[in-house]
Amino acid sequence: MSTQRALTERQAVSADGVSGWIIAAPAHRTASQTAERLVSLFSPILLLLLWEALVRLGFLNANFFPAPTGVVGTLWRLLSSGELFGHVGISLQRSLIGFVLGSLPGLVLGLSMGLFPLARAAIWPMIGALYPIPKIAILPLVMLIFGLEESSKWVIIAIGVFFPMLINSMAGVLAIEKVYHDVGRNFGANRLTRFLTIALPGALPLVLTGARLAWGVALLLVVAAEFVAAKSGLGYFIWHSWQIFSVEEMYVGIITISVIGYLSFLLLDELGRLLVPWKPGGVS
Amino acid sequence: MEHPPAANPGGTKILIEGLSRIFPSRQGPVAALQDVQLSIDDGQFCCIVGPSGCGKTTLLRILAGLEEPTAGRLAVYQADSAKPLNSMVFQEQSVFPWMTVKDNIAYGLRMRRVDKRSRRELVEYYLRKTNLTRFARMFPYQLSGGMKQRVSVARAFANDPEILLMDEPFANLDEQNKILLQEELLRIWEESRKTVVFITHSIDEAIMLGDQVVVMTAHPGRIKANVPVDLPRPRQVYQIKASPEFGKLVAHVWTLLRDEVLRAKEEEEAQAR
């Protein structure tokens, strides 16, 4: 909503006879939202400038912390050769496939557990027992079972993604006020329409929170898996540059993965605003 | 719930016979409602008052089909089998936050698969009636508490049920908004003359809105008295409040209610000790 439109809407509200009704002031909110977005865009750039200055002034050892400009030079070289894109592509592919494989069952099972106490009673103890296992700890087991093929990466990511997705989907359904279910029953909604018009939209904010957490886990696990069990991908790239002591390349890898994380969270924020327009300030 | 097919214009619309509701508790079973007898005529605006905890919300939830009675009989005469039996206006925030005002009002019609055109007409009609037309595309978070309750009222009326149930719909509003909404409710209701069961703890509100005021006893809830309200319609909130009949009725209902409130208070204090 543009500031101009927001202002005229507010005037319209106070200008007519229905005084006393207050609508949330949209003009202020949009202004502060713009400010928030600008700050979140520029804070990483500020950090880089500080880093460069510290290296040039000799406060940071360039062997361990190469200057950002040097890293950018390496980045440029890797970008123009196309090498980096290959690694980014394969890592993203693995993360996305693993994410879908893990989050869909997590979503379906989580929603069911939120809806049906019996399903919750049956499955929750197992989730409680399995969830605390660090997913990296079972990576060797997954590799043993699935080998060094692509599938082992998908599976470990899927396992990691499954839990936050399930837990948040279940919590999302359970967080819906009882009165909304009463309204559904009173107004003649059947089981299916109650699910579609109440449980699903009501759970969506927490489902999206689950997706954010799950995507973070996916990025973590793709790097971990590629450290030990791949010949491509950003994890492999970072590990390999350590082995040949190419510190600047290592930084390029680290920065690339964090840029991917950063951009994908911006994307997920936008998705939240799109899917949950009814929550002021969006979903986080 | 039984609903004989025969239409019954002007006659009894709601018949409640020997209705009881017993809840289990650690101290043994507790009767929220005991042997409630009540008949409400077609087109009546029936207000129920009683001390808090007298089971009036339980009674309404049983009428709404959200709870089952332990014993007794409950019948609503269904004049038109295409219409839903009842629609409820809830006390707390019950407007779906994820739907626009328009979609909230259309909810019952959508669930009943009313065709798009009549749905839109009905929704537009009640948007106008509740002064919400300009807010049709807004989400509830953009509305004040009073406006959300108007959406809730419009949603129930738009569903065009046989009877309307209201559970202290204005209890959480400030005094001024409450008066505005009462006036609005009177205006809309006087057009449709649907049978209404309206629960409140406010004697003023009960007399101002109702054709009859049913007084309930404290714990277990029974019907103590049924006071007819013969104030002329259409009613204006402040005209009614200024009339001497209104004052007499308030005093009369209060004398009926006073003992029950005191008894409920004593019981509460005894339990605290």
# chains A, B, ... in the order shown; residues from 1 in each chain; ligands from 1
call {"tool": "interface_residues", "arguments": {"of": "chain B", "to": "chain A", "cutoff": "10 Å", "atoms": "only C-alpha atoms", "output": "ChimeraX atom specification"}}
result
/B:61,64-66,84-100,107-112,131,134-135,138-147,155-156,159,161,176-177
call {"tool": "select_by_dssp", "arguments": {"residues": "segment 20-216 of chain A", "states": "alpha helix (DSSP H)", "output": "JSON, numbers by chain"}}
result
{"A": [26, 27, 28, 29, 30, 31, 32, 33, 34, 35, 36, 37, 38, 39, 40, 41, 42, 43, 44, 45, 46, 47, 48, 49, 50, 51, 52, 53, 54, 55, 56, 68, 69, 70, 71, 72, 73, 74, 75, 76, 77, 78, 79, 80, 81, 83, 84, 85, 86, 87, 88, 89, 90, 91, 92, 93, 94, 95, 96, 97, 98, 99, 100, 101, 102, 103, 104, 105, 106, 107, 108, 109, 110, 111, 112, 113, 114, 115, 117, 118, 119, 120, 121, 122, 123, 124, 125, 126, 127, 128, 129, 130, 139, 140, 141, 142, 143, 144, 145, 146, 150, 151, 152, 153, 154, 155, 156, 157, 158, 159, 160, 161, 162, 163, 164, 165, 166, 167, 168, 169, 170, 171, 172, 173, 174, 178, 179, 180, 181, 182, 183, 184, 185, 186, 191, 192, 193, 194, 200, 201, 202, 203, 204, 205, 206, 207, 208, 209, 210, 211, 212, 213, 214, 215, 216]}
call {"tool": "closest_residue", "arguments": {"among": "B:Leu60, B:Thr195, B:Leu180, B:Arg258", "to": "Tyr238 of chain B", "atoms": "only C-alpha atoms"}}
result
B:Leu180
call {"tool": "residues_around", "arguments": {"residues": "Val108 of chain A", "least_positions_apart": "3", "cutoff": "12 Å", "atoms": "only C-alpha atoms", "output": "mmCIF file with C-alpha atoms, in the first residue's frame"}}
result
data_model
loop_
_atom_site.group_PDB
_atom_site.id
_atom_site.type_symbol
_atom_site.label_atom_id
_atom_site.label_comp_id
_atom_site.auth_asym_id
_atom_site.auth_seq_id
_atom_site.Cartn_x
_atom_site.Cartn_y
_atom_site.Cartn_z
ATOM 1 C CA LEU A 101 11.304 -34.771 0.572
ATOM 2 C CA GLY A 102 11.380 -33.919 4.265
ATOM 3 C CA SER A 103 8.978 -31.014 4.583
ATOM 4 C CA LEU A 104 5.991 -32.518 2.781
ATOM 5 C CA PRO A 105 5.692 -35.546 5.088
ATOM 6 C CA LEU A 111 -1.147 -31.088 10.581
ATOM 7 C CA SER A 112 -2.684 -34.514 11.249
ATOM 8 C CA MET A 113 -1.151 -34.589 14.705
ATOM 9 C CA GLY A 114 -2.596 -31.156 15.381
ATOM 10 C CA LEU A 115 -6.029 -32.277 14.239
ATOM 11 C CA ALA A 119 -2.307 -39.432 16.060
ATOM 12 C CA PHE A 162 11.243 -33.144 8.672
ATOM 13 C CA PHE A 163 11.341 -32.317 12.391
ATOM 14 C CA MET A 165 8.357 -28.737 9.786
ATOM 15 C CA LEU A 166 6.353 -31.341 11.701
ATOM 16 C CA ILE A 167 6.652 -29.663 15.081
ATOM 17 C CA ASN A 168 5.663 -26.229 13.783
ATOM 18 C CA SER A 169 2.777 -27.524 11.673
ATOM 19 C CA MET A 170 1.389 -29.336 14.696
ATOM 20 C CA VAL A 173 -2.975 -26.231 14.349
ATOM 21 C CA LEU A 200 -4.973 -24.815 7.287
ATOM 22 C CA ALA A 203 -1.790 -22.936 11.039
ATOM 23 C CA VAL A 207 3.975 -23.570 9.122
#
call {"tool": "closest_residue", "arguments": {"among": "B:Ser152, B:Thr70, B:Gln182, B:Ser81", "to": "Lys102 of chain B", "atoms": "only C-alpha atoms"}}
result
B:Ser152
call {"tool": "select_by_dssp", "arguments": {"residues": "segment 5-158 of chain B", "states": "strand (DSSP E)", "output": "PyMOL selection string"}}
result
chain B and resi 12-23+30-41+45-49+71-76+86-89
call {"tool": "write_last_selection", "arguments": {"atoms": "N, CA and C atoms", "output": "short mmCIF file (atom, residue, chain, number, x, y, z; two decimals), in the first residue's frame"}}
result
data_model
loop_
_atom_site.label_atom_id
_atom_site.label_comp_id
_atom_site.auth_asym_id
_atom_site.auth_seq_id
_atom_site.Cartn_x
_atom_site.Cartn_y
_atom_site.Cartn_z
N THR B 12 -45.09 -21.69 18.80
CA THR B 12 -43.84 -21.93 19.49
C THR B 12 -42.72 -22.21 18.49
N LYS B 13 -41.60 -21.56 18.67
CA LYS B 13 -40.46 -21.75 17.77
C LYS B 13 -39.41 -22.65 18.43
N ILE B 14 -39.17 -22.37 19.70
CA ILE B 14 -38.19 -23.18 20.43
C ILE B 14 -38.88 -23.77 21.65
N LEU B 15 -38.72 -25.07 21.82
CA LEU B 15 -39.33 -25.73 22.97
C LEU B 15 -38.24 -26.49 23.72
N ILE B 16 -38.08 -26.13 24.99
CA ILE B 16 -37.07 -26.80 25.80
C ILE B 16 -37.81 -27.45 26.98
N GLU B 17 -37.64 -28.76 27.12
CA GLU B 17 -38.37 -29.49 28.16
C GLU B 17 -37.44 -30.34 28.99
N GLY B 18 -37.44 -30.07 30.29
CA GLY B 18 -36.68 -30.89 31.23
C GLY B 18 -35.21 -31.03 30.89
N LEU B 19 -34.63 -29.95 30.39
CA LEU B 19 -33.25 -30.01 29.93
C LEU B 19 -32.27 -29.92 31.10
N SER B 20 -31.36 -30.89 31.16
CA SER B 20 -30.32 -30.86 32.19
C SER B 20 -28.97 -31.08 31.55
N ARG B 21 -27.98 -30.52 32.18
CA ARG B 21 -26.61 -30.76 31.72
C ARG B 21 -25.75 -30.93 32.97
N ILE B 22 -25.13 -32.09 33.07
CA ILE B 22 -24.31 -32.41 34.24
C ILE B 22 -22.87 -32.59 33.81
N PHE B 23 -21.97 -31.86 34.45
CA PHE B 23 -20.54 -31.99 34.15
C PHE B 23 -19.89 -32.83 35.24
N VAL B 30 -21.52 -32.17 38.72
CA VAL B 30 -22.06 -30.84 38.99
C VAL B 30 -23.11 -30.52 37.93
N ALA B 31 -24.29 -30.13 38.39
CA ALA B 31 -25.35 -29.81 37.45
C ALA B 31 -25.24 -28.34 37.04
N ALA B 32 -24.96 -28.11 35.75
CA ALA B 32 -24.93 -26.73 35.26
C ALA B 32 -26.34 -26.27 34.95
N LEU B 33 -27.14 -27.17 34.40
CA LEU B 33 -28.54 -26.87 34.12
C LEU B 33 -29.38 -27.98 34.70
N GLN B 34 -30.52 -27.61 35.34
CA GLN B 34 -31.36 -28.66 35.88
C GLN B 34 -32.81 -28.41 35.52
N ASP B 35 -33.38 -29.33 34.79
CA ASP B 35 -34.80 -29.32 34.48
C ASP B 35 -35.27 -27.96 33.94
N VAL B 36 -34.60 -27.49 32.90
CA VAL B 36 -34.97 -26.20 32.31
C VAL B 36 -36.20 -26.37 31.41
N GLN B 37 -37.22 -25.56 31.70
CA GLN B 37 -38.44 -25.55 30.87
C GLN B 37 -38.55 -24.17 30.24
N LEU B 38 -38.65 -24.13 28.93
CA LEU B 38 -38.77 -22.81 28.30
C LEU B 38 -39.35 -22.98 26.91
N SER B 39 -40.34 -22.12 26.62
CA SER B 39 -40.81 -22.12 25.24
C SER B 39 -40.77 -20.69 24.73
N ILE B 40 -40.27 -20.54 23.53
CA ILE B 40 -40.11 -19.21 22.95
C ILE B 40 -40.92 -19.16 21.65
N ASP B 41 -41.76 -18.15 21.55
CA ASP B 41 -42.62 -18.04 20.37
C ASP B 41 -41.84 -17.55 19.16
N PHE B 45 -37.87 -11.91 20.64
CA PHE B 45 -36.50 -11.60 21.04
C PHE B 45 -36.42 -11.94 22.51
N CYS B 46 -35.82 -13.06 22.82
CA CYS B 46 -35.80 -13.56 24.19
C CYS B 46 -34.43 -13.33 24.82
N CYS B 47 -34.40 -12.57 25.91
CA CYS B 47 -33.14 -12.34 26.59
C CYS B 47 -33.08 -13.18 27.86
N ILE B 48 -31.93 -13.78 28.09
CA ILE B 48 -31.76 -14.58 29.29
C ILE B 48 -30.72 -13.92 30.18
N VAL B 49 -31.12 -13.60 31.43
CA VAL B 49 -30.16 -13.06 32.39
C VAL B 49 -30.02 -14.03 33.55
N ALA B 71 -29.87 -34.70 29.81
CA ALA B 71 -31.24 -35.21 29.77
C ALA B 71 -32.15 -34.12 29.24
N GLY B 72 -33.32 -34.50 28.80
CA GLY B 72 -34.29 -33.51 28.37
C GLY B 72 -34.45 -33.45 26.87
N ARG B 73 -35.34 -32.56 26.45
CA ARG B 73 -35.73 -32.50 25.06
C ARG B 73 -35.61 -31.07 24.57
N LEU B 74 -35.23 -30.95 23.31
CA LEU B 74 -35.05 -29.62 22.75
C LEU B 74 -35.53 -29.67 21.32
N ALA B 75 -36.45 -28.79 20.97
CA ALA B 75 -36.95 -28.79 19.60
C ALA B 75 -36.99 -27.38 19.04
N VAL B 76 -36.56 -27.27 17.80
CA VAL B 76 -36.68 -26.00 17.08
C VAL B 76 -37.56 -26.28 15.87
N ASN B 86 -29.71 -22.74 13.21
CA ASN B 86 -29.31 -21.60 14.04
C ASN B 86 -27.96 -21.07 13.62
N SER B 87 -27.73 -19.80 13.95
CA SER B 87 -26.41 -19.21 13.78
C SER B 87 -26.09 -18.44 15.05
N MET B 88 -24.85 -18.48 15.43
CA MET B 88 -24.48 -17.92 16.72
C MET B 88 -23.55 -16.73 16.56
N VAL B 89 -23.78 -15.73 17.42
CA VAL B 89 -22.82 -14.63 17.56
C VAL B 89 -22.09 -14.89 18.87
#
call {"tool": "atom_distance", "arguments": {"atom1": "atom CA of Thr34 of chain A", "atom2": "atom CA of Leu206 of chain A"}}
result
24.3 Å
call {"tool": "residues_around", "arguments": {"residues": "segment 63-66 of chain A", "least_positions_apart": "2", "cutoff": "12 Å", "atoms": "only C-alpha atoms", "output": "ChimeraX atom specification"}}
result
/A:48,51-56,58-61,68-74,242,245-252
call {"tool": "write_last_selection", "arguments": {"atoms": "N, CA and C atoms", "output": "CSV table (one decimal), in the first residue's frame"}}
result
chain,number,residue,atom,x,y,z
A,48,LEU,N,31.2,-5.4,6.1
A,48,LEU,CA,32.3,-5.6,5.1
A,48,LEU,C,33.3,-4.5,5.1
A,51,TRP,N,35.6,-4.6,8.1
A,51,TRP,CA,36.5,-5.7,7.9
A,51,TRP,C,37.7,-5.3,7.0
A,52,GLU,N,37.4,-4.7,5.9
A,52,GLU,CA,38.4,-4.2,5.0
A,52,GLU,C,39.4,-3.2,5.7
A,53,ALA,N,38.8,-2.3,6.4
A,53,ALA,CA,39.6,-1.3,7.1
A,53,ALA,C,40.5,-2.0,8.1
A,54,LEU,N,40.0,-3.0,8.9
A,54,LEU,CA,40.8,-3.6,9.9
A,54,LEU,C,42.0,-4.4,9.3
A,55,VAL,N,41.8,-5.0,8.1
A,55,VAL,CA,42.9,-5.7,7.5
A,55,VAL,C,43.9,-4.7,7.0
A,56,ARG,N,43.5,-3.6,6.4
A,56,ARG,CA,44.4,-2.6,5.8
A,56,ARG,C,45.2,-1.9,6.9
A,58,GLY,N,46.1,-3.4,9.5
A,58,GLY,CA,47.0,-4.4,10.2
A,58,GLY,C,46.4,-5.0,11.4
A,59,PHE,N,45.2,-4.7,11.8
A,59,PHE,CA,44.6,-5.3,13.0
A,59,PHE,C,44.2,-6.7,12.8
A,60,LEU,N,44.0,-7.1,11.5
A,60,LEU,CA,43.6,-8.5,11.3
A,60,LEU,C,44.7,-9.2,10.4
A,61,ASN,N,45.0,-10.4,10.7
A,61,ASN,CA,46.0,-11.2,9.9
A,61,ASN,C,45.4,-11.6,8.6
A,68,PRO,N,38.3,-8.1,2.2
A,68,PRO,CA,37.1,-8.4,1.3
A,68,PRO,C,37.4,-8.1,-0.1
A,69,THR,N,38.3,-7.1,-0.4
A,69,THR,CA,38.6,-6.8,-1.8
A,69,THR,C,39.3,-7.9,-2.5
A,70,GLY,N,40.2,-8.5,-1.8
A,70,GLY,CA,40.9,-9.7,-2.3
A,70,GLY,C,39.9,-10.8,-2.5
A,71,VAL,N,39.0,-11.0,-1.6
A,71,VAL,CA,38.0,-12.1,-1.7
A,71,VAL,C,37.1,-11.8,-2.9
A,72,VAL,N,36.8,-10.5,-3.1
A,72,VAL,CA,35.9,-10.1,-4.2
A,72,VAL,C,36.6,-10.4,-5.5
A,73,GLY,N,38.0,-10.2,-5.6
A,73,GLY,CA,38.7,-10.5,-6.8
A,73,GLY,C,38.6,-12.0,-7.1
A,74,THR,N,38.8,-12.8,-6.1
A,74,THR,CA,38.7,-14.3,-6.3
A,74,THR,C,37.3,-14.7,-6.7
A,242,TRP,N,40.3,-25.5,2.0
A,242,TRP,CA,41.0,-25.7,3.2
A,242,TRP,C,42.2,-26.6,3.0
A,245,PHE,N,44.8,-25.0,1.2
A,245,PHE,CA,45.1,-23.7,1.9
A,245,PHE,C,44.9,-22.5,1.0
A,246,SER,N,43.8,-22.5,0.3
A,246,SER,CA,43.4,-21.4,-0.5
A,246,SER,C,42.3,-20.6,0.3
A,247,VAL,N,42.8,-19.7,1.2
A,247,VAL,CA,41.9,-19.1,2.2
A,247,VAL,C,40.9,-18.2,1.5
A,248,GLU,N,41.3,-17.5,0.4
A,248,GLU,CA,40.4,-16.6,-0.2
A,248,GLU,C,39.2,-17.3,-0.9
A,249,GLU,N,39.6,-18.5,-1.5
A,249,GLU,CA,38.5,-19.3,-2.0
A,249,GLU,C,37.6,-19.8,-0.9
A,250,MET,N,38.1,-20.1,0.2
A,250,MET,CA,37.3,-20.6,1.3
A,250,MET,C,36.3,-19.5,1.7
A,251,TYR,N,36.8,-18.3,1.7
A,251,TYR,CA,35.9,-17.2,2.1
A,251,TYR,C,34.8,-17.0,1.0
A,252,VAL,N,35.2,-17.2,-0.2
A,252,VAL,CA,34.2,-17.1,-1.3
A,252,VAL,C,33.1,-18.1,-1.1
call {"tool": "residues_around", "arguments": {"residues": "His219 of chain B", "least_positions_apart": "2", "cutoff": "12 Å", "atoms": "only C-alpha atoms", "output": "MDAnalysis selection string"}}
result
chainID B and resid 20:22 30:34 50:56 216:217 221:224 260:268
